Every structure is written in structure tokens, then in C-alpha cells.
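Worksheet: the structure to be examined is printed underneath.
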Amino acid sequence: MLSIFPSILATPEKGWEHAAKITSKRAVLMRYALPLILIASSCAFAGTFIASDDVQWVTAVWRFIVMFISLFMGIYLADFCIRISYRNLFKTKPDFTRTLIFTIFSYSGVIAVIILDELVEDMFFISAFYLYTFYLVYEGCNIFLGMKDVPSDKKNLFIFLASGAIIGWPVILRGLLFVTMPGLK
């Protein structure tokens, strides 16, 4: 299932077509989301030692935990926001399994940026690639959620809200965890 990751990033249309065949949220969580979250968290752990020579293990473990929690909880919070946006904009109740799978695969760009950002020091412009999430969500809406015939004003608003939730929740959660645990910095 991890073969979808480079496919969604390189050719989103083909990646989403492959993802549309998957119906098990458990399989997506266990064989796609968790491995990618663990890779990104491990990069945060390793990035701690790359960034500084004078680092304690506690700091590296703390960064691993913060990254893991922010990405894992971010999926569910973003999915919650996506379902509310979908229900309010389209006046229909979305399928929980479908929106969760959509959210997880849409996270591919965010996780790729986090992996690069954690391993490469002093390249602040990498964060600009978060904007690629808007394109991934757009393609996912057309192919995975079947919104090709939806009026563009509602679809564009949904894309904006969904992308904002997908990009924003991990950042917000990391910030909250940094603020609530200042002694570990």
C-alpha cells in the first residue's frame, strides 16, 4: 500500500485512481498512515541529532512523540473538519470511511514536506510545498470523492477548507504540545 505514496505525489490522478479501489479504513490506517507517521516521527528523531551536536536523547525522543501525536491526531481532527464542511456545503451526510481514507491519502504531501523539513537543516522554503496539498485535495475531490459535476464555487470552498485542515492541524497540535511541555525543550 505504501506504493501509493510516491504515486499520489508524482502523478496524483493515477494515485487517486488506485486509492479509489481501497475500501478498508483499517488497512489504510495500518498499512499506509501509521508507517508514514512512524517514518516522519523517526525523521524528527534523527533530525534532532543532525541539527545539533549537543543534543540529549530525551529531546530526540520528545520530538518523536510530539511528531507522532500531532500527525496521528491531526488526521482525525482534519477528518472531523472535512466531514463538517462536506455536510454543510453539500447538505448530505458524508461516509466516515470514505472521508477518513480521503484525509489519510491527502496527508501524503504534508508528510513528505515534514520528512524533508526534519532531515534538511536551514531550508525554510521547503514549507512552501505544503501548498501542493491544495492540488492533491483537488484531484482527490474529482477522482476519489466524485465531485467532477459539483458547482465550482462549493467545490473550491470545500478544497480550501479541507486543505487548510490537513495542513493546519498537525502544525497547531505541534505548537500546543510545545507550549504545554516547555520543560522538554
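Order determines the names: the first chain of the C-alpha cells is A, the second B, and so forth; residues in each chain are numbered 1 upward, and ligands are numbered 1 upward as they are shown.
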Would you mind listing what lies within 10 Å of Thr23 in chain A as a PyMOL selection string, with only C-alpha atoms counted and same-chain residues fewer than 4 positions away left out?
-> chain A and resi 19+27-28+97-98+101
Range 33-39 of chain A surroundings by only C-alpha atoms, 10 Å radius, close-in-sequence under 6 positions cut, as a ChimeraX atom specification | /A:1-2,5,26-27,45,64-65,67-72,75,101,104-105,107-108,111-112,114-115
Any idea what the distance is between CA of Met181 in chain A and CA of Leu77 in chain A?
-> 20.9 Å
When distances are computed from only C-alpha atoms, which of A:Phe144, A:Phe160, A:Tyr130, A:Trp57 shows the smallest separation from His18 in chain A?
-> A:Phe144
Can you list, as a PyMOL selection string, all residues belonging to range 18-77 of chain A that DSSP tags as helix (DSSP H, G or I)?
-> chain A and resi 18-19+25-51+57-77
Shortest contact to Gly146 in chain A, candidates A:Tyr132, A:Phe102, A:Asn88, A:Lys14, atoms counted only C-alpha atoms, goes to A:Phe102
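By chain and then residue number, the residues within 10 Å of Val150 in chain A are Phe90, Cys141, Asn142 and Asn156 of chain A, counting only C-alpha atoms and disregarding those fewer than 6 positions away in sequence.
In this model, the gap between CA of Arg31 in chain A and CA of Ser3 in chain A comes to 10.5 Å.
Among the candidates A:Val110, A:Ala40, A:Ala78, A:Ala128, the one nearest to Trp169 in chain A when counting only C-alpha atoms is A:Ala78.
Coordinates place CA of Gly140 in chain A at a distance of 10.5 Å from CA of Thr99 in chain A.
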Between A:Ile84, A:Val120, A:Ala60, A:Leu89, which is the closest to Lys154 in chain A once you count only C-alpha atoms?
-> A:Leu89
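Distances to Ser127 in chain A were evaluated for A:Ile167, A:Asp79, A:Pro151, A:Ser106 using only C-alpha atoms, and the minimum falls at A:Ile167.
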